[in-house]
Amino acid sequence: RGFMRHLILAVTLFATTAAGAATAPGNWQPLPSRAPDPADNPTTGAKVELGKVLYFDPRFSSTGTVSCFSCHNVMEGGDDHRSTSIGVGGQKGGRNAPTVWNAAYHSVQFWDGRAATLEDQAKGPPTNPIEMGMANHDAVIGRVRAIPGYREPFARAFGAGDVITMDNAVRAIAAYERTLVTPNTAYDRYARGDAQALNAQQRRGLETFAAKGCTSCHQGAAFNGPALPVGTGFFQRFPVHEDSPYVVQYALMKDLGRYESTHADGDQHLWRVPTLRNLGYTAPYMHNGSVKSLPEAVRVMGSTQLGLVLDDAEVADIVAFLDTLNGPFPSQTMPQLPPTPGDLLD
């Protein structure tokens, strides 16, 4: 019932605007220049600085070789361009790494929405046996406490006392991730009223995107669904049209989606609607990374979700519009990690 309520809301939101959206830029939402932060974890410079170091630190993993950055490369698209990511010991995960860029605008995290916040999400990979492989959160934070160079950054971020905790570590990582936003794209300028920000093909692609029904799911400033409270996910069944030839070609039914974490029958093949921003940087596509090019991804979505066969001109126009959602990215520099004690990884 929750899924249907969200879908009805999505359709209602766009029913009155889709037809006129292409000629009325104000009906399309630009991305805010700053992501919202929660009341219990206000963003500060000290937290962001600490979180960035922790994000890049491979010592969060059992082998000392895998960091957040390993699968979410902020020097480019915020992912790793593999179909599925590789964790400790060369193990392959089951799903494509979603981009960390603009993740702060999701109301839930992970493909299946099993984490409510960026803080919750950051707790998952360190103890995942495939990803970072640490035994438990105590082992993770024990590793951090054993590195003397972390004491001062934690104190700057969280004050005096026993502040090197797992909760504070993920608060810092989440604070850093909330700076990873990409506003001021060509689309954003158009949505703010600059009608010349898009060329003729891009405007035609925007019109096609709306007219074909893509906005029933991919709406809002991040094109990931309507604004919902944190912890309330916007989910869509994928694939909807199971008779599409792409379903077998790309093994789209193999993963049961949200059901894998909730084990509720109604959650089979439900997925959190992903952002469409920066798609030019995040190939391959879909939850299993099976689709290698953006034009092919557009064809797959048209067929599996809308029951449509899009012609080459329509695909090219939609791709041209999606390109207007790319970047610009805030500059990133590699942090200097604190030194490693000689016995830390024995």
# chains A, B, ... in the order shown; residues from 1 in each chain; ligands from 1
$ select_by_dssp --residues "region 90-262 of chain A" --states "alpha helix (DSSP H)" --output "ChimeraX atom specification"
/A:118-127,137-145,151-158,166-177,186-191,200-211,245-249,259-262
$ closest_atom_pairs --of "region 151-241 of chain A" --to "region 29-42 of chain A" --cutoff "9 Å" --atoms "only C-alpha atoms" --output "tab-separated table"
residue	atom	partner	partner_atom	distance
A:Arg171	CA	A:Asn41	CA	6.5
A:Ala172	CA	A:Asn41	CA	8.6
A:Ala174	CA	A:Asn41	CA	8.7
A:Ala175	CA	A:Asn41	CA	7.6
A:Arg178	CA	A:Ala35	CA	5.8
A:Thr179	CA	A:Ala35	CA	7.1
A:Leu180	CA	A:Ala35	CA	8.6
A:Val181	CA	A:Ala35	CA	7.2
A:Thr182	CA	A:Ser33	CA	7.7
A:Pro183	CA	A:Leu31	CA	5.3
A:Asn184	CA	A:Leu31	CA	7.5
A:Thr185	CA	A:Pro30	CA	8.7
A:Tyr187	CA	A:Pro30	CA	7.4
A:Asp188	CA	A:Pro30	CA	4.5
A:Arg189	CA	A:Pro30	CA	7.5
A:Tyr190	CA	A:Pro30	CA	8.3
A:Ala191	CA	A:Pro30	CA	5.6
A:Arg192	CA	A:Pro30	CA	6.6
A:Gln219	CA	A:Gln29	CA	8.6
A:Gly220	CA	A:Gln29	CA	6.0
A:Ala221	CA	A:Leu31	CA	4.8
A:Ala222	CA	A:Leu31	CA	6.4
$ residues_around --residues "Leu50 (chain A)" --least-positions-apart "6" --cutoff "9 Å" --atoms "only C-alpha atoms" --output "tab-separated table (two decimals) with N, CA, C and O atoms, in the first residue's frame"
chain	number	residue	atom	x	y	z
A	150	TYR	N	44.47	10.11	14.82
A	150	TYR	CA	43.03	10.40	14.74
A	150	TYR	C	42.52	11.14	15.99
A	150	TYR	O	41.40	11.67	15.98
A	153	PRO	N	41.90	15.12	15.30
A	153	PRO	CA	40.76	15.41	14.41
A	153	PRO	C	39.40	15.09	15.03
A	153	PRO	O	38.43	15.84	14.84
A	154	PHE	N	39.30	13.99	15.79
A	154	PHE	CA	38.04	13.67	16.46
A	154	PHE	C	37.72	14.71	17.53
A	154	PHE	O	36.56	15.11	17.69
A	156	ARG	N	38.64	17.88	17.51
A	156	ARG	CA	38.21	19.10	16.83
A	156	ARG	C	36.75	18.99	16.36
A	156	ARG	O	36.00	19.96	16.41
A	157	ALA	N	36.38	17.81	15.94
A	157	ALA	CA	35.03	17.63	15.39
A	157	ALA	C	33.98	17.44	16.47
A	157	ALA	O	32.84	17.91	16.32
A	169	ALA	N	32.22	8.45	14.06
A	169	ALA	CA	32.92	8.21	12.79
A	169	ALA	C	31.95	8.30	11.62
A	169	ALA	O	32.24	8.96	10.61
A	172	ALA	N	30.79	11.84	10.91
A	172	ALA	CA	31.78	12.61	10.15
A	172	ALA	C	31.76	12.23	8.67
A	172	ALA	O	31.80	13.10	7.79
A	173	ILE	N	31.69	10.94	8.38
A	173	ILE	CA	31.64	10.50	6.99
A	173	ILE	C	30.40	11.07	6.30
A	173	ILE	O	30.47	11.57	5.17
A	176	TYR	N	30.81	14.72	5.45
A	176	TYR	CA	31.60	14.89	4.22
A	176	TYR	C	30.74	14.57	2.99
A	176	TYR	O	30.74	15.32	2.00
$ closest_residue --among "A:Thr282, A:Thr165, A:Ser216, A:Asn96" --to "Asp112 (chain A)" --atoms "only C-alpha atoms"
A:Asn96
$ closest_residue --among "A:Leu344, A:Val170, A:Leu118, A:Ala97" --to "Tyr285 (chain A)" --atoms "only C-alpha atoms"
A:Ala97
$ select_by_dssp --residues "region 211-304 of chain A" --states "strand (DSSP E)" --output "short mmCIF file (atom, residue, chain, number, x, y, z; two decimals) with all heavy atoms, in the first residue's frame"
data_model
loop_
_atom_site.label_atom_id
_atom_site.label_comp_id
_atom_site.auth_asym_id
_atom_site.auth_seq_id
_atom_site.Cartn_x
_atom_site.Cartn_y
_atom_site.Cartn_z
N PHE A 235 9.86 3.85 -3.81
CA PHE A 235 10.22 2.60 -4.46
C PHE A 235 9.38 2.37 -5.71
O PHE A 235 8.24 2.80 -5.79
CB PHE A 235 10.03 1.42 -3.49
CG PHE A 235 10.85 1.52 -2.25
CD1 PHE A 235 10.29 1.94 -1.05
CD2 PHE A 235 12.20 1.19 -2.27
CE1 PHE A 235 11.06 2.04 0.10
CE2 PHE A 235 12.97 1.28 -1.13
CZ PHE A 235 12.40 1.71 0.06
N GLN A 236 9.97 1.67 -6.66
CA GLN A 236 9.28 1.32 -7.89
C GLN A 236 9.58 -0.14 -8.21
O GLN A 236 10.68 -0.63 -7.93
CB GLN A 236 9.73 2.22 -9.04
CG GLN A 236 9.17 1.86 -10.41
CD GLN A 236 7.66 1.91 -10.49
OE1 GLN A 236 6.99 0.97 -10.06
NE2 GLN A 236 7.12 2.99 -11.02
N ARG A 237 8.58 -0.81 -8.78
CA ARG A 237 8.79 -2.17 -9.24
C ARG A 237 9.63 -2.15 -10.52
O ARG A 237 9.38 -1.34 -11.42
CB ARG A 237 7.45 -2.85 -9.49
CG ARG A 237 7.57 -4.37 -9.69
CD ARG A 237 6.21 -5.02 -9.62
NE ARG A 237 5.54 -4.75 -8.36
CZ ARG A 237 5.81 -5.33 -7.19
NH1 ARG A 237 6.77 -6.24 -7.14
NH2 ARG A 237 5.16 -5.00 -6.11
N LEU A 270 11.12 -4.61 -5.82
CA LEU A 270 11.01 -3.18 -5.56
C LEU A 270 12.41 -2.61 -5.35
O LEU A 270 13.25 -3.23 -4.69
CB LEU A 270 10.16 -2.89 -4.32
CG LEU A 270 8.65 -3.10 -4.40
CD1 LEU A 270 7.99 -2.52 -3.17
CD2 LEU A 270 8.07 -2.46 -5.66
N TRP A 271 12.63 -1.41 -5.89
CA TRP A 271 13.93 -0.73 -5.79
C TRP A 271 13.71 0.74 -5.48
O TRP A 271 12.73 1.33 -5.94
CB TRP A 271 14.70 -0.85 -7.11
CG TRP A 271 14.95 -2.26 -7.54
CD1 TRP A 271 14.16 -3.03 -8.34
CD2 TRP A 271 16.07 -3.07 -7.17
NE1 TRP A 271 14.72 -4.27 -8.51
CE2 TRP A 271 15.90 -4.33 -7.80
CE3 TRP A 271 17.20 -2.85 -6.39
CZ2 TRP A 271 16.81 -5.37 -7.66
CZ3 TRP A 271 18.11 -3.89 -6.25
CH2 TRP A 271 17.91 -5.13 -6.88
N ARG A 272 14.62 1.30 -4.72
CA ARG A 272 14.62 2.75 -4.54
C ARG A 272 14.90 3.39 -5.90
O ARG A 272 15.80 2.98 -6.63
CB ARG A 272 15.72 3.14 -3.55
CG ARG A 272 15.75 4.63 -3.21
CD ARG A 272 17.14 5.06 -2.81
NE ARG A 272 18.05 5.00 -3.96
CZ ARG A 272 19.36 5.01 -3.89
NH1 ARG A 272 19.97 5.08 -2.73
NH2 ARG A 272 20.10 4.95 -4.99
#
$ atom_distance --atom1 "CA of Cys217 (chain A)" --atom2 "CA of Gly193 (chain A)"
23.4 Å
$ closest_residue --among "A:Gln305, A:Ser244, A:Asn224, A:Gln201" --to "Asp317 (chain A)" --atoms "only C-alpha atoms"
A:Gln201
$ atom_distance --atom1 "CA of Val74 (chain A)" --atom2 "CA of Thr340 (chain A)"
23.6 Å
$ residues_around --residues "Asp265 (chain A)" --least-positions-apart "6" --cutoff "10 Å" --atoms "only C-alpha atoms" --output "list of chain:residue names"
A:Leu256, A:Arg258, A:Tyr259
$ write_last_selection --atoms "C-alpha atoms" --output "PDB file, in the first residue's frame"
ATOM      1  CA  LEU A 256      14.640  -9.828  -5.758  1.00  0.00           C
ATOM      2  CA  ARG A 258      14.027  -4.913  -1.475  1.00  0.00           C
ATOM      3  CA  TYR A 259      12.709  -8.360  -0.611  1.00  0.00           C
TER       4      TYR A 259
END
$ closest_residue --among "A:Gly89, A:Gly133, A:Gly302, A:Gly233" --to "Lys212 (chain A)" --atoms "only C-alpha atoms"
A:Gly302
$ closest_residue --among "A:Ala186, A:Ala297, A:Ala264, A:Val273" --to "Pro226 (chain A)" --atoms "only C-alpha atoms"
A:Val273
$ closest_residue --among "A:Ala139, A:Ala210, A:Met334, A:Val291" --to "Tyr250 (chain A)" --atoms "only C-alpha atoms"
A:Val291
$ residues_around --residues "Ile147 (chain A)" --least-positions-apart "4" --cutoff "12 Å" --atoms "only C-alpha atoms" --output "list in words"
Leu54, Asp57, Arg59, Phe60, Val140, Ile141, Gly142, Arg143, Arg151, Glu152, Pro153, Phe154, Ile164, Leu337, Pro338, Pro339, Thr340, Pro341, Gly342, Asp343, Leu344 and Leu345 of chain A
$ write_last_selection --atoms "N, CA and C atoms" --output "PDB file, in the first residue's frame"
ATOM      1  N   LEU A  54      38.427   9.731   6.870  1.00  0.00           N
ATOM      2  CA  LEU A  54      37.889   8.397   7.121  1.00  0.00           C
ATOM      3  C   LEU A  54      37.365   7.761   5.832  1.00  0.00           C
ATOM      4  N   ASP A  57      40.199   6.205   3.979  1.00  0.00           N
ATOM      5  CA  ASP A  57      41.106   5.363   4.777  1.00  0.00           C
ATOM      6  C   ASP A  57      40.800   3.876   4.579  1.00  0.00           C
ATOM      7  N   ARG A  59      42.064   1.479   6.123  1.00  0.00           N
ATOM      8  CA  ARG A  59      42.230   0.732   7.366  1.00  0.00           C
ATOM      9  C   ARG A  59      40.892   0.439   8.036  1.00  0.00           C
ATOM     10  N   PHE A  60      39.801   0.930   7.464  1.00  0.00           N
ATOM     11  CA  PHE A  60      38.453   0.531   7.889  1.00  0.00           C
ATOM     12  C   PHE A  60      38.154  -0.914   7.503  1.00  0.00           C
ATOM     13  N   VAL A 140      36.082  -2.225  14.184  1.00  0.00           N
ATOM     14  CA  VAL A 140      36.317  -1.089  13.296  1.00  0.00           C
ATOM     15  C   VAL A 140      36.838   0.104  14.084  1.00  0.00           C
ATOM     16  N   ILE A 141      36.101   0.486  15.110  1.00  0.00           N
ATOM     17  CA  ILE A 141      36.489   1.691  15.850  1.00  0.00           C
ATOM     18  C   ILE A 141      37.735   1.431  16.685  1.00  0.00           C
ATOM     19  N   GLY A 142      37.972   0.157  17.073  1.00  0.00           N
ATOM     20  CA  GLY A 142      39.216  -0.178  17.764  1.00  0.00           C
ATOM     21  C   GLY A 142      40.418   0.079  16.871  1.00  0.00           C
ATOM     22  N   ARG A 143      40.276  -0.196  15.594  1.00  0.00           N
ATOM     23  CA  ARG A 143      41.335   0.070  14.632  1.00  0.00           C
ATOM     24  C   ARG A 143      41.604   1.573  14.559  1.00  0.00           C
ATOM     25  N   ARG A 151      43.299  11.169  17.050  1.00  0.00           N
ATOM     26  CA  ARG A 151      42.789  11.761  18.301  1.00  0.00           C
ATOM     27  C   ARG A 151      42.469  13.241  18.143  1.00  0.00           C
ATOM     28  N   GLU A 152      43.362  14.001  17.575  1.00  0.00           N
ATOM     29  CA  GLU A 152      43.129  15.436  17.447  1.00  0.00           C
ATOM     30  C   GLU A 152      41.984  15.758  16.486  1.00  0.00           C
ATOM     31  N   PRO A 153      41.896  15.116  15.297  1.00  0.00           N
ATOM     32  CA  PRO A 153      40.757  15.414  14.411  1.00  0.00           C
ATOM     33  C   PRO A 153      39.404  15.088  15.030  1.00  0.00           C
ATOM     34  N   PHE A 154      39.303  13.993  15.791  1.00  0.00           N
ATOM     35  CA  PHE A 154      38.039  13.675  16.461  1.00  0.00           C
ATOM     36  C   PHE A 154      37.721  14.713  17.529  1.00  0.00           C
ATOM     37  N   ILE A 164      36.030   9.100  20.158  1.00  0.00           N
ATOM     38  CA  ILE A 164      36.339   8.215  19.032  1.00  0.00           C
ATOM     39  C   ILE A 164      35.402   7.018  19.132  1.00  0.00           C
ATOM     40  N   LEU A 337      46.445  10.845   5.183  1.00  0.00           N
ATOM     41  CA  LEU A 337      45.993   9.988   6.274  1.00  0.00           C
ATOM     42  C   LEU A 337      47.015   9.985   7.400  1.00  0.00           C
ATOM     43  N   PRO A 338      46.546   9.826   8.648  1.00  0.00           N
ATOM     44  CA  PRO A 338      47.504   9.721   9.764  1.00  0.00           C
ATOM     45  C   PRO A 338      48.327   8.444   9.640  1.00  0.00           C
ATOM     46  N   PRO A 339      49.559   8.439  10.165  1.00  0.00           N
ATOM     47  CA  PRO A 339      50.443   7.280   9.981  1.00  0.00           C
ATOM     48  C   PRO A 339      49.932   6.024  10.676  1.00  0.00           C
ATOM     49  N   THR A 340      50.340   4.889  10.134  1.00  0.00           N
ATOM     50  CA  THR A 340      49.913   3.573  10.628  1.00  0.00           C
ATOM     51  C   THR A 340      50.923   3.009  11.617  1.00  0.00           C
ATOM     52  N   PRO A 341      50.483   2.640  12.835  1.00  0.00           N
ATOM     53  CA  PRO A 341      51.382   1.929  13.750  1.00  0.00           C
ATOM     54  C   PRO A 341      51.841   0.616  13.122  1.00  0.00           C
ATOM     55  N   GLY A 342      53.046   0.185  13.436  1.00  0.00           N
ATOM     56  CA  GLY A 342      53.620  -0.990  12.782  1.00  0.00           C
ATOM     57  C   GLY A 342      52.880  -2.269  13.018  1.00  0.00           C
ATOM     58  N   ASP A 343      52.136  -2.366  14.142  1.00  0.00           N
ATOM     59  CA  ASP A 343      51.458  -3.629  14.454  1.00  0.00           C
ATOM     60  C   ASP A 343      49.962  -3.574  14.177  1.00  0.00           C
ATOM     61  N   LEU A 344      49.491  -2.530  13.498  1.00  0.00           N
ATOM     62  CA  LEU A 344      48.040  -2.326  13.370  1.00  0.00           C
ATOM     63  C   LEU A 344      47.358  -3.422  12.555  1.00  0.00           C
ATOM     64  N   LEU A 345      48.001  -3.866  11.479  1.00  0.00           N
ATOM     65  CA  LEU A 345      47.344  -4.805  10.571  1.00  0.00           C
ATOM     66  C   LEU A 345      47.843  -6.223  10.706  1.00  0.00           C
TER      67      LEU A 345
END
$ residues_around --residues "Asp79 (chain A)" --least-positions-apart "3" --cutoff "8 Å" --atoms "only C-alpha atoms" --output "VMD selection string"
chain A and resid 71 to 74 76 97 to 100 282
$ atom_distance --atom1 "CA of Lys292 (chain A)" --atom2 "CA of Ser83 (chain A)"
8.8 Å
